[in-house]
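Trainee: Input input25.txt, format and content: compact mmCIF, C-alpha atoms.
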```txt
# COMPACT_ATOMS: atom_id res chain seq x y z
CA MET L 7 115.71 0.59 224.20
CA ALA L 8 116.24 4.21 225.27
CA SER L 9 115.61 5.06 228.90
CA PRO L 10 112.09 6.39 229.41
CA CYS L 11 111.52 10.06 230.11
CA VAL L 12 109.64 10.04 233.39
CA SER L 13 107.69 12.66 235.30
CA ILE L 14 106.87 12.32 238.99
CA GLU L 15 103.91 14.06 240.62
CA ARG L 16 102.98 13.83 244.28
CA ILE L 17 100.00 14.64 246.46
CA VAL L 18 100.14 14.39 250.25
CA LEU L 19 96.98 13.21 251.97
CA GLY L 20 95.59 12.02 255.27
CA PRO L 21 96.30 12.54 258.97
CA ILE L 22 99.79 11.05 258.77
CA ALA L 23 100.75 12.73 255.50
CA ASN L 24 100.90 9.86 253.04
CA ASN L 25 102.56 10.39 249.68
CA VAL L 26 100.50 9.39 246.66
CA TYR L 27 102.57 9.38 243.47
CA LEU L 28 101.74 9.51 239.78
CA ILE L 29 104.69 8.38 237.67
CA SER L 30 104.37 8.76 233.91
CA ASP L 31 106.45 8.14 230.80
CA GLY L 32 104.14 10.35 228.75
CA SER L 33 102.04 7.50 227.38
CA SER L 34 101.43 5.38 230.47
CA MET L 35 101.06 6.09 234.17
CA VAL L 36 101.47 4.32 237.49
CA LEU L 37 99.55 5.48 240.56
CA VAL L 38 101.22 4.51 243.85
CA ASP L 39 99.48 3.89 247.19
CA PRO L 40 96.09 5.65 246.96
CA SER L 41 95.93 6.30 250.67
CA CYS L 42 92.58 8.04 251.27
CA GLN L 43 90.28 10.83 250.02
CA GLU L 44 89.46 9.33 246.65
CA LYS L 45 87.88 12.60 245.45
CA SER L 46 91.16 14.42 246.06
CA ILE L 47 93.09 11.76 244.15
CA LEU L 48 90.66 11.87 241.24
CA ALA L 49 91.00 15.67 241.15
CA PHE L 50 94.79 15.19 241.19
CA LEU L 51 94.48 12.83 238.20
CA ASP L 52 92.31 15.42 236.42
CA GLY L 53 90.84 12.94 233.97
CA ARG L 54 94.03 10.97 233.46
CA VAL L 55 93.66 7.21 233.78
CA PRO L 56 96.56 5.23 235.27
CA ASN L 57 97.61 1.99 233.61
CA ALA L 58 98.43 0.41 236.95
CA ILE L 59 98.06 0.98 240.67
CA PHE L 60 101.08 -0.13 242.71
CA VAL L 61 100.60 -0.99 246.39
CA THR L 62 103.71 -1.08 248.55
CA HIS L 63 101.96 -2.73 251.51
CA ALA L 64 98.54 -3.27 253.02
CA HIS L 65 98.51 -0.90 255.97
CA TYR L 66 95.30 1.11 256.02
CA ASP L 67 96.97 4.47 255.42
CA HIS L 68 98.27 3.25 252.04
CA ILE L 69 95.12 1.55 250.70
CA GLY L 70 92.23 3.55 252.12
CA ALA L 71 91.09 4.74 248.67
CA LEU L 72 92.34 1.73 246.71
CA ALA L 73 88.98 0.07 246.03
CA ALA L 74 87.40 3.38 245.00
CA LEU L 75 90.27 4.25 242.64
CA ARG L 76 90.26 0.80 241.07
CA GLU L 77 86.54 1.11 240.42
CA ALA L 78 86.73 4.69 239.15
CA THR L 79 89.67 4.17 236.79
CA GLY L 80 89.57 0.47 235.91
CA ALA L 81 93.32 0.31 236.57
CA PRO L 82 94.65 -3.09 237.70
CA VAL L 83 96.07 -3.34 241.20
CA TYR L 84 99.58 -4.75 241.68
CA ALA L 85 100.60 -5.95 245.15
CA SER L 86 102.72 -8.63 246.73
CA LEU L 87 101.35 -12.12 247.11
CA VAL L 88 101.96 -11.90 250.86
CA GLU L 89 99.91 -8.71 251.27
CA GLU L 90 97.04 -9.82 249.01
CA PRO L 91 94.88 -11.40 251.77
CA LEU L 92 95.07 -8.19 253.78
CA ILE L 93 94.05 -6.11 250.77
CA ASN L 94 91.21 -8.29 249.47
CA GLY L 95 89.76 -8.84 252.93
CA SER L 96 90.25 -12.60 253.15
CA ASP L 97 92.51 -11.86 256.13
CA PRO L 98 90.86 -8.87 257.83
CA SER L 99 93.32 -8.68 260.71
CA TRP L 100 94.66 -5.25 259.74
CA GLY L 101 92.19 -3.49 257.47
CA ALA L 102 89.04 -4.37 259.39
CA ARG L 103 90.27 -2.44 262.41
CA HIS L 104 90.35 0.73 260.33
CA GLY L 105 87.31 0.33 258.11
CA VAL L 106 89.23 -0.14 254.87
CA GLU L 107 87.09 -1.43 252.01
CA PRO L 108 88.48 -4.73 250.64
CA CYS L 109 89.85 -4.55 247.11
CA PRO L 110 90.75 -7.31 244.64
CA VAL L 111 94.41 -7.59 243.65
CA ASP L 112 94.56 -8.08 239.89
CA CYS L 113 98.27 -8.93 239.66
CA THR L 114 100.20 -10.45 242.55
CA VAL L 115 103.94 -9.91 242.45
CA SER L 116 106.92 -11.72 243.92
CA ASP L 117 110.55 -10.79 244.43
CA GLY L 118 112.40 -10.45 241.13
CA ASP L 119 109.33 -10.03 238.96
CA VAL L 120 109.59 -7.58 236.05
CA LEU L 121 106.57 -5.43 235.21
CA SER L 122 106.24 -3.65 231.86
CA ILE L 123 103.93 -0.64 232.12
CA GLY L 124 104.12 1.19 228.80
CA ASN L 125 107.80 1.96 228.23
CA MET L 126 108.56 1.65 231.93
CA VAL L 127 110.10 -1.62 233.12
CA TRP L 128 109.79 -2.02 236.88
CA LYS L 129 111.64 -4.56 238.98
CA VAL L 130 109.91 -5.91 242.09
CA MET L 131 111.88 -6.05 245.34
CA ILE L 132 110.11 -7.66 248.28
CA THR L 133 111.56 -5.92 251.35
CA PRO L 134 110.02 -7.32 254.54
CA GLY L 135 110.51 -5.51 257.81
CA HIS L 136 107.77 -2.91 258.07
CA SER L 137 105.33 -5.63 257.02
CA GLN L 138 105.84 -9.18 255.82
CA GLY L 139 105.21 -8.38 252.17
CA SER L 140 106.43 -4.80 251.93
CA THR L 141 107.36 -4.11 248.34
CA CYS L 142 109.69 -1.69 246.60
CA PHE L 143 109.35 -1.01 242.88
CA LEU L 144 112.54 -0.10 240.99
CA LEU L 145 112.62 1.70 237.65
CA GLU L 146 116.19 1.64 236.39
CA ASP L 147 117.90 4.24 234.19
CA ALA L 148 114.97 6.61 233.93
CA ARG L 149 115.42 10.16 232.65
CA ALA L 150 113.73 13.13 234.27
CA CYS L 151 111.63 14.79 231.57
CA ASP L 152 112.52 18.31 232.72
CA VAL L 153 116.29 17.77 233.01
CA GLU L 154 118.52 17.29 229.98
CA ASP L 155 121.06 14.45 229.99
CA SER L 156 119.80 13.13 233.31
CA SER L 157 119.67 9.45 234.17
CA ALA L 158 118.84 7.92 237.51
CA SER L 159 116.92 4.95 238.76
CA ILE L 160 113.72 5.54 240.70
CA LEU L 161 112.86 3.49 243.78
CA VAL L 162 109.34 3.53 245.17
CA SER L 163 110.20 2.52 248.73
CA GLY L 164 106.88 2.59 250.58
CA ASP L 165 107.54 2.50 254.33
CA THR L 166 110.82 0.61 254.08
CA LEU L 167 113.16 3.60 253.59
CA PHE L 168 112.51 7.25 254.39
CA GLU L 169 114.60 10.40 254.38
CA GLY L 170 116.90 9.85 257.34
CA THR L 171 115.10 6.89 258.88
CA ILE L 172 113.24 3.61 258.33
CA GLY L 173 109.71 2.30 258.72
CA ARG L 174 108.44 1.02 262.04
CA THR L 175 108.94 -2.65 262.76
CA ASP L 176 106.66 -2.92 265.80
CA LEU L 177 103.38 -3.12 263.87
CA GLY L 178 101.60 -6.25 262.65
CA GLY L 179 103.94 -8.22 260.41
CA GLY L 180 106.95 -6.11 261.39
CA ASP L 181 110.38 -7.68 261.89
CA TYR L 182 113.50 -5.67 262.72
CA GLN L 183 115.99 -8.30 261.57
CA ALA L 184 114.13 -8.68 258.28
CA MET L 185 114.22 -4.89 257.91
CA ARG L 186 118.01 -4.87 258.33
CA LYS L 187 118.37 -7.44 255.55
CA SER L 188 116.03 -5.46 253.29
CA LEU L 189 118.00 -2.26 253.88
CA ALA L 190 121.21 -4.08 253.03
CA ARG L 191 119.69 -4.95 249.65
CA LEU L 192 118.67 -1.36 249.01
CA ALA L 193 122.18 -0.20 249.93
CA THR L 194 123.51 -2.02 246.84
CA LEU L 195 121.57 0.29 244.52
CA GLN L 196 123.30 3.10 242.64
CA ASP L 197 124.00 6.28 244.59
CA GLU L 198 121.96 8.40 242.19
CA THR L 199 118.80 6.34 242.70
CA ILE L 200 115.90 8.63 243.56
CA VAL L 201 113.91 7.29 246.53
CA LEU L 202 110.18 8.00 246.70
CA PRO L 203 109.06 7.10 250.24
CA GLY L 204 105.56 6.59 251.57
CA HIS L 205 105.91 9.58 253.91
CA GLY L 206 108.18 12.60 253.93
CA ASN L 207 110.48 14.03 251.31
CA PRO L 208 112.06 12.23 248.37
CA THR L 209 115.72 11.41 248.88
CA THR L 210 118.51 9.41 247.23
CA ILE L 211 120.35 6.21 248.06
CA ASP L 212 123.59 8.18 248.45
CA ALA L 213 122.01 10.58 250.95
CA GLU L 214 120.95 7.67 253.15
CA ARG L 215 124.26 5.79 253.25
CA ILE L 216 125.40 7.41 256.50
CA ARG L 217 122.03 8.41 257.92
CA VAL L 218 120.38 5.00 257.44
CA PHE L 219 122.45 2.19 255.96
CA GLU L 220 125.52 2.56 258.18
CA ARG L 221 123.25 2.83 261.20
CA TYR L 222 120.86 -0.06 260.60
CA CYS L 223 122.53 -2.56 258.27
```
Show me the file's structure as C-alpha cells.
Mentor:
Amino acid sequence: MASPCVSIERIVLGPIANNVYLISDGSSMVLVDPSCQEKSILAFLDGRVPNAIFVTHAHYDHIGALAALREATGAPVYASLVEEPLINGSDPSWGARHGVEPCPVDCTVSDGDVLSIGNMVWKVMITPGHSQGSTCFLLEDARACDVEDSSASILVSGDTLFEGTIGRTDLGGGDYQAMRKSLARLATLQDETIVLPGHGNPTTIDAERIRVFERYC
C-alpha cells in the first residue's frame, strides 16, 4: 500500500498553550488531545468530522473539551487502558481537581496495538514517565501532502517529548526512570520522524538526539 498523503493542522489553546492537532489523509481525520474551549475546536474543524479522537494522557489540560467533542462529533475516543479510569471518572484523582467532565473511552489501547483510521495505520507506543499511561501514536512512512517526494514518519508525542526537553515527571503518575526508558525507545525511531508534541513547536527525532536523548537516556 502506498504511503498516505497526510496534512497536519494545529490550534493552540488554553492557559498553558496546548497543541490540538487535526491529522488527515484526505478521507479520514484524527483529532488529538482536545484540551479546552470546545467552541474554538469546533470552529477549527469547520464542519469536518474526525474519525477518531486520540488522547495521549489524562491530564486535565489535554482532555478538558474531550467529552464535548465526543458528543458533538460522534467520534470514538482512543486512550490507553491505564489512563481510562482517569478519563471516564471512575478514578477522579486527577480530573476532579480541575473540573474536567468525565468522558467514556470507546477504544482502549495497549503498547504495540495497530490502529487503522482510513488509510492511516498508527502504531501505539505506551511511554510512561509523564504519567503512567502516557501514549505516543506513530504513523510510519507518511507523505506530506504539500511536499513532493517527501516521506517521514509522524510521532504524536503528547507530553513525553518536546522541542529541546521532556515532560515533567513530578506530577501524579510521573516516574523519572520510566521516562528515561521511554525516551530510549523513541530514540530508536528514524531521524526524519516528525514529532508533534503536546506543547511547543514541532520538531524531529534527529533534532532531539543531542538536546534530549543524550542528556536523559
Trainee: Tell me, as a JSON list (two decimals) with C-alpha atoms, in the frame of the given file, which residues lie within 12 Å of Ile69 (chain L), counting all atoms listed in the file; anything in the same chain fewer than 2 positions away does not count.
Mentor:
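What landed in result_16.json:
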```json
[["chain", "number", "residue", "atom", "x", "y", "z"],
["L", 19, "LEU", "CA", 96.98, 13.21, 251.97],
["L", 20, "GLY", "CA", 95.59, 12.02, 255.27],
["L", 24, "ASN", "CA", 100.90, 9.86, 253.04],
["L", 25, "ASN", "CA", 102.56, 10.39, 249.68],
["L", 26, "VAL", "CA", 100.50, 9.39, 246.66],
["L", 37, "LEU", "CA", 99.55, 5.48, 240.56],
["L", 38, "VAL", "CA", 101.22, 4.51, 243.85],
["L", 39, "ASP", "CA", 99.48, 3.89, 247.19],
["L", 40, "PRO", "CA", 96.09, 5.65, 246.96],
["L", 41, "SER", "CA", 95.93, 6.30, 250.67],
["L", 42, "CYS", "CA", 92.58, 8.04, 251.27],
["L", 43, "GLN", "CA", 90.28, 10.83, 250.02],
["L", 44, "GLU", "CA", 89.46, 9.33, 246.65],
["L", 59, "ILE", "CA", 98.06, 0.98, 240.67],
["L", 60, "PHE", "CA", 101.08, -0.13, 242.71],
["L", 61, "VAL", "CA", 100.60, -0.99, 246.39],
["L", 62, "THR", "CA", 103.71, -1.08, 248.55],
["L", 63, "HIS", "CA", 101.96, -2.73, 251.51],
["L", 64, "ALA", "CA", 98.54, -3.27, 253.02],
["L", 65, "HIS", "CA", 98.51, -0.90, 255.97],
["L", 66, "TYR", "CA", 95.30, 1.11, 256.02],
["L", 67, "ASP", "CA", 96.97, 4.47, 255.42],
["L", 71, "ALA", "CA", 91.09, 4.74, 248.67],
["L", 72, "LEU", "CA", 92.34, 1.73, 246.71],
["L", 73, "ALA", "CA", 88.98, 0.07, 246.03],
["L", 74, "ALA", "CA", 87.40, 3.38, 245.00],
["L", 75, "LEU", "CA", 90.27, 4.25, 242.64],
["L", 76, "ARG", "CA", 90.26, 0.80, 241.07],
["L", 83, "VAL", "CA", 96.07, -3.34, 241.20],
["L", 84, "TYR", "CA", 99.58, -4.75, 241.68],
["L", 85, "ALA", "CA", 100.60, -5.95, 245.15],
["L", 89, "GLU", "CA", 99.91, -8.71, 251.27],
["L", 90, "GLU", "CA", 97.04, -9.82, 249.01],
["L", 92, "LEU", "CA", 95.07, -8.19, 253.78],
["L", 93, "ILE", "CA", 94.05, -6.11, 250.77],
["L", 94, "ASN", "CA", 91.21, -8.29, 249.47],
["L", 95, "GLY", "CA", 89.76, -8.84, 252.93],
["L", 100, "TRP", "CA", 94.66, -5.25, 259.74],
["L", 101, "GLY", "CA", 92.19, -3.49, 257.47],
["L", 104, "HIS", "CA", 90.35, 0.73, 260.33],
["L", 105, "GLY", "CA", 87.31, 0.33, 258.11],
["L", 106, "VAL", "CA", 89.23, -0.14, 254.87],
["L", 107, "GLU", "CA", 87.09, -1.43, 252.01],
["L", 108, "PRO", "CA", 88.48, -4.73, 250.64],
["L", 109, "CYS", "CA", 89.85, -4.55, 247.11],
["L", 110, "PRO", "CA", 90.75, -7.31, 244.64],
["L", 111, "VAL", "CA", 94.41, -7.59, 243.65],
["L", 164, "GLY", "CA", 106.88, 2.59, 250.58],
["L", 204, "GLY", "CA", 105.56, 6.59, 251.57]]
```
Trainee: Figure out the distance between CA of Glu214 (chain L) and CA of Leu161 (chain L), please, to one decimal in Å.
Mentor: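 Taking CA of Leu161 (chain L) as the start and CA of Glu214 (chain L) as the end point, the length is 13.1 Å.
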Trainee: Which neighbours of Ile211 (chain L) fall inside 6 Å, counting only C-alpha atoms, when residues of the same chain fewer than 2 positions from it are skipped, and could you give them as a VMD selection string?
Mentor: chain L and resid 197 199 213 to 214
Trainee: So what do you get for CA of Thr114 (chain L) versus CA of Val88 (chain L), distance-wise?
Mentor: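 Value for the CA of Thr114 (chain L)-CA of Val88 (chain L) distance: 8.6 Å.
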Trainee: Name the closest residue to Glu77 (chain L) among the candidates L:Val120, L:Arg215, L:Pro56, L:Gly178; distances are taken between atoms, counting only C-alpha atoms.
Mentor: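 Residue with the minimum atom-to-atom distance to Glu77 (chain L): L:Pro56.
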Trainee: Considering all atoms listed in the file, state which residue in the set L:Glu15, L:Asp176, L:Asp112, L:Glu146 is at the smallest distance from Asn125 (chain L).
Mentor: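 Result for the nearest residue to Asn125 (chain L): L:Glu146.
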Trainee: Between CA of His136 (chain L) and CA of Thr166 (chain L), what is the distance, to one decimal in Å?
Mentor: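 These two atoms are separated by 6.1 Å.
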Trainee: Name the residues, using the chain letters and numbers of the file, that sit within 9 Å of (105.4, 0.4, 261.3) when counting all atoms listed in the file, and give them as a list in words.
Mentor: His65, Gly135, His136, Ser137, Asp165, Ile172, Gly173, Arg174, Thr175, Asp176, Leu177, Gly178, Gly179 and Gly180 of chain L
Trainee: Between L:Pro98, L:Pro82, L:Gly170, L:Gly53, which is the closest to Ile123 (chain L) once you count only C-alpha atoms?
Mentor: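 Closest to Ile123 (chain L), using only C-alpha atoms: L:Pro82.
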Trainee: Got a sec: who's within 9 Å of Ser30 (chain L), counting only C-alpha atoms, leaving out chain neighbours fewer than 5 positions off, as number ranges by chain?
Mentor: L: 11-15, 35-37, 56, 126
Trainee: Go through L:Glu169, L:Asp147, L:Glu220, L:Asp97 one by one, measure the shortest atom-to-atom distance of each to His205 (chain L) using all atoms listed in the file, and give the residue with the smallest value.
Mentor: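 Distance minimum relative to His205 (chain L) lands on L:Glu169.
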Trainee: Using all atoms listed in the file, can you tell me which of L:Ser33, L:Ser86, L:Ser159, L:Ser140 comes closest to Trp128 (chain L)?
Mentor: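 Ranked by minimum distance to Trp128 (chain L), first place goes to L:Ser159.
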Trainee: For N, CA and C atoms, please extract region 78-94 of chain L from the block and return it as a PDB file, in the first residue's frame.
Mentor:
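Wrote out20.pdb, looks like this:
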```
ATOM      1  N   ALA L  78     -20.310  16.147  20.315  1.00  0.00           N
ATOM      2  CA  ALA L  78     -20.615  16.987  19.154  1.00  0.00           C
ATOM      3  C   ALA L  78     -20.314  16.293  17.836  1.00  0.00           C
ATOM      4  N   THR L  79     -19.279  15.441  17.804  1.00  0.00           N
ATOM      5  CA  THR L  79     -18.848  14.843  16.538  1.00  0.00           C
ATOM      6  C   THR L  79     -19.215  13.368  16.408  1.00  0.00           C
ATOM      7  N   GLY L  80     -19.451  12.708  17.530  1.00  0.00           N
ATOM      8  CA  GLY L  80     -19.688  11.263  17.494  1.00  0.00           C
ATOM      9  C   GLY L  80     -18.437  10.444  17.272  1.00  0.00           C
ATOM     10  N   ALA L  81     -17.258  11.090  17.293  1.00  0.00           N
ATOM     11  CA  ALA L  81     -16.006  10.382  17.043  1.00  0.00           C
ATOM     12  C   ALA L  81     -15.631   9.534  18.250  1.00  0.00           C
ATOM     13  N   PRO L  82     -15.164   8.307  18.024  1.00  0.00           N
ATOM     14  CA  PRO L  82     -14.745   7.452  19.135  1.00  0.00           C
ATOM     15  C   PRO L  82     -13.438   7.944  19.747  1.00  0.00           C
ATOM     16  N   VAL L  83     -13.331   7.770  21.060  1.00  0.00           N
ATOM     17  CA  VAL L  83     -12.156   8.190  21.806  1.00  0.00           C
ATOM     18  C   VAL L  83     -11.218   7.000  21.990  1.00  0.00           C
ATOM     19  N   TYR L  84      -9.958   7.199  21.656  1.00  0.00           N
ATOM     20  CA  TYR L  84      -8.906   6.197  21.833  1.00  0.00           C
ATOM     21  C   TYR L  84      -7.958   6.684  22.923  1.00  0.00           C
ATOM     22  N   ALA L  85      -7.726   5.838  23.933  1.00  0.00           N
ATOM     23  CA  ALA L  85      -6.804   6.193  25.007  1.00  0.00           C
ATOM     24  C   ALA L  85      -6.268   4.919  25.640  1.00  0.00           C
ATOM     25  N   SER L  86      -5.176   5.046  26.347  1.00  0.00           N
ATOM     26  CA  SER L  86      -4.558   3.862  26.931  1.00  0.00           C
ATOM     27  C   SER L  86      -5.434   3.282  28.039  1.00  0.00           C
ATOM     28  N   LEU L  87      -5.322   1.983  28.196  1.00  0.00           N
ATOM     29  CA  LEU L  87      -6.069   1.273  29.223  1.00  0.00           C
ATOM     30  C   LEU L  87      -5.750   1.821  30.608  1.00  0.00           C
ATOM     31  N   VAL L  88      -4.508   2.222  30.817  1.00  0.00           N
ATOM     32  CA  VAL L  88      -4.088   2.736  32.117  1.00  0.00           C
ATOM     33  C   VAL L  88      -4.736   4.080  32.421  1.00  0.00           C
ATOM     34  N   GLU L  89      -4.897   4.923  31.413  1.00  0.00           N
ATOM     35  CA  GLU L  89      -5.455   6.260  31.622  1.00  0.00           C
ATOM     36  C   GLU L  89      -6.982   6.262  31.628  1.00  0.00           C
ATOM     37  N   GLU L  90      -7.612   5.199  31.165  1.00  0.00           N
ATOM     38  CA  GLU L  90      -9.072   5.173  31.039  1.00  0.00           C
ATOM     39  C   GLU L  90      -9.799   5.557  32.327  1.00  0.00           C
ATOM     40  N   PRO L  91      -9.444   5.024  33.501  1.00  0.00           N
ATOM     41  CA  PRO L  91     -10.201   5.395  34.704  1.00  0.00           C
ATOM     42  C   PRO L  91     -10.134   6.877  35.038  1.00  0.00           C
ATOM     43  N   LEU L  92      -9.042   7.532  34.664  1.00  0.00           N
ATOM     44  CA  LEU L  92      -8.915   8.961  34.903  1.00  0.00           C
ATOM     45  C   LEU L  92      -9.770   9.759  33.925  1.00  0.00           C
ATOM     46  N   ILE L  93      -9.961   9.229  32.737  1.00  0.00           N
ATOM     47  CA  ILE L  93     -10.746   9.921  31.717  1.00  0.00           C
ATOM     48  C   ILE L  93     -12.242   9.731  31.944  1.00  0.00           C
ATOM     49  N   ASN L  94     -12.651   8.501  32.272  1.00  0.00           N
ATOM     50  CA  ASN L  94     -14.091   8.243  32.415  1.00  0.00           C
ATOM     51  C   ASN L  94     -14.626   8.576  33.803  1.00  0.00           C
TER      52      ASN L  94
END
```
